[in-house]
Amino acid sequence: MTQQETLRTYEQICLDKLKKIGISTSAEWCAAMGYKNDNGLAKVIRRINSNMPYKLKVHYDKRPRRYEAL
């Protein structure tokens, strides 16, 4: 494996996609990841929020919630 190749978890891939699309709802994030269901990333979002809360900012002030990768 070369230095440029790094192993990434699915959570990191999802966070990179969120950083690419900017602040968005979970439905928009799911569509960007290729899911047809609006809540396809629900467990992944929960896992990111519990294991790596410093990488995800959740905007609770409006519904639906908006997510931002840090």
# chains A, B, ... in the order shown; residues from 1 in each chain; ligands from 1
>>> residues_around(residues="range 46-48 of chain A", least_positions_apart="4", cutoff="10 Å", atoms="only C-alpha atoms", output="CSV table (one decimal) with C-alpha atoms, in the first residue's frame")
chain,number,residue,atom,x,y,z
A,11,GLU,CA,-18.3,7.1,8.5
A,12,GLN,CA,-15.2,9.0,7.2
A,14,CYS,CA,-19.9,9.9,4.6
A,15,LEU,CA,-18.2,12.9,6.4
A,41,LEU,CA,-27.9,7.1,6.9
A,42,ALA,CA,-29.7,7.3,10.3
A,52,MET,CA,-16.8,11.3,16.8
A,53,PRO,CA,-19.0,14.2,17.9
A,54,TYR,CA,-16.1,16.7,17.2
A,55,LYS,CA,-16.4,15.9,13.4
A,56,LEU,CA,-20.2,16.6,13.0
>>> residues_around(residues="Asp38 in chain A", least_positions_apart="4", cutoff="9 Å", atoms="only C-alpha atoms", output="list in words")
Ser26, Ala27, Glu28, Trp29, Cys30, Ala31 and Ala42 of chain A
>>> select_by_dssp(residues="chain A", states="alpha helix (DSSP H)", output="PyMOL selection string")
chain A and resi 10-21+26-33+42-51
>>> atom_distance(atom1="CA of Thr25 in chain A", atom2="CA of Ala69 in chain A")
11.8 Å
>>> closest_residue(among="A:Met33, A:Gly40, A:Leu18, A:Ser24", to="Leu70 in chain A", atoms="only C-alpha atoms")
A:Leu18
>>> residues_around(residues="Lys57 in chain A", least_positions_apart="5", cutoff="10 Å", atoms="only C-alpha atoms", output="VMD selection string")
chain A and resid 23 49 66 to 70
>>> decode(residues="range 7-48 of chain A", atoms="N, CA and C atoms", output="CSV table (one decimal), in the first residue's frame")
chain,number,residue,atom,x,y,z
A,7,LEU,N,-6.7,3.7,4.4
A,7,LEU,CA,-8.0,3.0,4.7
A,7,LEU,C,-8.9,4.0,5.4
A,8,ARG,N,-10.2,4.1,4.9
A,8,ARG,CA,-11.2,4.9,5.5
A,8,ARG,C,-12.4,4.1,5.9
A,9,THR,N,-13.0,4.5,7.0
A,9,THR,CA,-14.2,3.8,7.4
A,9,THR,C,-15.4,4.4,6.6
A,10,TYR,N,-16.5,3.8,6.6
A,10,TYR,CA,-17.7,4.3,5.9
A,10,TYR,C,-18.1,5.6,6.5
A,11,GLU,N,-17.9,5.8,7.8
A,11,GLU,CA,-18.3,7.1,8.5
A,11,GLU,C,-17.4,8.2,7.9
A,12,GLN,N,-16.1,7.9,7.7
A,12,GLN,CA,-15.2,9.0,7.2
A,12,GLN,C,-15.6,9.3,5.7
A,13,ILE,N,-16.0,8.3,5.0
A,13,ILE,CA,-16.5,8.5,3.6
A,13,ILE,C,-17.7,9.4,3.6
A,14,CYS,N,-18.6,9.1,4.5
A,14,CYS,CA,-19.9,9.9,4.6
A,14,CYS,C,-19.5,11.4,5.0
A,15,LEU,N,-18.6,11.5,5.9
A,15,LEU,CA,-18.2,12.9,6.4
A,15,LEU,C,-17.6,13.7,5.3
A,16,ASP,N,-16.8,13.0,4.4
A,16,ASP,CA,-16.1,13.6,3.3
A,16,ASP,C,-17.2,14.1,2.3
A,17,LYS,N,-18.2,13.3,2.1
A,17,LYS,CA,-19.2,13.7,1.1
A,17,LYS,C,-20.0,14.9,1.7
A,18,LEU,N,-20.3,14.9,3.0
A,18,LEU,CA,-21.0,16.0,3.6
A,18,LEU,C,-20.2,17.3,3.5
A,19,LYS,N,-18.9,17.2,3.7
A,19,LYS,CA,-18.0,18.3,3.6
A,19,LYS,C,-18.1,18.9,2.2
A,20,LYS,N,-18.2,18.0,1.2
A,20,LYS,CA,-18.2,18.3,-0.2
A,20,LYS,C,-19.5,19.1,-0.5
A,21,ILE,N,-20.6,18.6,0.0
A,21,ILE,CA,-21.9,19.2,-0.4
A,21,ILE,C,-22.3,20.4,0.5
A,22,GLY,N,-21.7,20.5,1.7
A,22,GLY,CA,-21.9,21.6,2.6
A,22,GLY,C,-23.0,21.3,3.6
A,23,ILE,N,-23.6,22.3,4.3
A,23,ILE,CA,-24.6,22.1,5.3
A,23,ILE,C,-25.9,21.5,4.6
A,24,SER,N,-26.4,20.4,5.1
A,24,SER,CA,-27.6,19.8,4.4
A,24,SER,C,-28.4,19.0,5.4
A,25,THR,N,-29.6,18.6,5.0
A,25,THR,CA,-30.4,17.7,5.8
A,25,THR,C,-30.0,16.3,5.6
A,26,SER,N,-30.5,15.4,6.4
A,26,SER,CA,-30.1,14.0,6.2
A,26,SER,C,-30.7,13.4,4.9
A,27,ALA,N,-31.8,13.9,4.5
A,27,ALA,CA,-32.3,13.5,3.2
A,27,ALA,C,-31.4,13.9,2.0
A,28,GLU,N,-30.9,15.1,2.1
A,28,GLU,CA,-30.0,15.6,1.0
A,28,GLU,C,-28.7,14.8,1.1
A,29,TRP,N,-28.2,14.5,2.3
A,29,TRP,CA,-27.0,13.8,2.5
A,29,TRP,C,-27.2,12.4,2.0
A,30,CYS,N,-28.3,11.7,2.2
A,30,CYS,CA,-28.6,10.4,1.7
A,30,CYS,C,-28.6,10.4,0.2
A,31,ALA,N,-29.3,11.4,-0.4
A,31,ALA,CA,-29.3,11.4,-1.8
A,31,ALA,C,-27.9,11.6,-2.4
A,32,ALA,N,-27.1,12.3,-1.8
A,32,ALA,CA,-25.7,12.5,-2.3
A,32,ALA,C,-24.9,11.2,-2.2
A,33,MET,N,-25.2,10.4,-1.2
A,33,MET,CA,-24.5,9.1,-1.0
A,33,MET,C,-25.1,8.0,-1.9
A,34,GLY,N,-26.2,8.3,-2.6
A,34,GLY,CA,-26.8,7.4,-3.5
A,34,GLY,C,-27.9,6.5,-2.9
A,35,TYR,N,-28.4,6.9,-1.8
A,35,TYR,CA,-29.5,6.2,-1.2
A,35,TYR,C,-30.8,6.7,-1.8
A,36,LYS,N,-31.8,5.8,-1.9
A,36,LYS,CA,-33.1,6.2,-2.4
A,36,LYS,C,-34.0,6.5,-1.2
A,37,ASN,N,-33.7,6.0,-0.1
A,37,ASN,CA,-34.5,6.2,1.1
A,37,ASN,C,-34.0,7.4,1.9
A,38,ASP,N,-34.8,8.3,2.4
A,38,ASP,CA,-34.4,9.5,3.1
A,38,ASP,C,-33.7,9.3,4.4
A,39,ASN,N,-33.9,8.2,5.0
A,39,ASN,CA,-33.3,7.9,6.3
A,39,ASN,C,-32.3,6.8,6.2
A,40,GLY,N,-31.6,6.6,5.1
A,40,GLY,CA,-30.7,5.6,4.9
A,40,GLY,C,-29.4,5.7,5.7
A,41,LEU,N,-29.1,6.9,6.1
A,41,LEU,CA,-27.9,7.1,6.9
A,41,LEU,C,-28.2,7.3,8.4
A,42,ALA,N,-29.3,7.0,8.9
A,42,ALA,CA,-29.7,7.3,10.3
A,42,ALA,C,-28.8,6.6,11.3
A,43,LYS,N,-28.5,5.4,11.1
A,43,LYS,CA,-27.6,4.7,12.0
A,43,LYS,C,-26.1,5.2,11.9
A,44,VAL,N,-25.7,5.5,10.7
A,44,VAL,CA,-24.4,6.1,10.5
A,44,VAL,C,-24.3,7.4,11.2
A,45,ILE,N,-25.3,8.3,11.0
A,45,ILE,CA,-25.3,9.6,11.7
A,45,ILE,C,-25.2,9.4,13.2
A,46,ARG,N,-26.0,8.5,13.7
A,46,ARG,CA,-26.0,8.2,15.2
A,46,ARG,C,-24.6,7.8,15.6
A,47,ARG,N,-24.0,6.9,14.8
A,47,ARG,CA,-22.7,6.4,15.2
A,47,ARG,C,-21.6,7.5,15.1
A,48,ILE,N,-21.7,8.3,14.1
A,48,ILE,CA,-20.7,9.5,14.0
A,48,ILE,C,-20.9,10.4,15.2
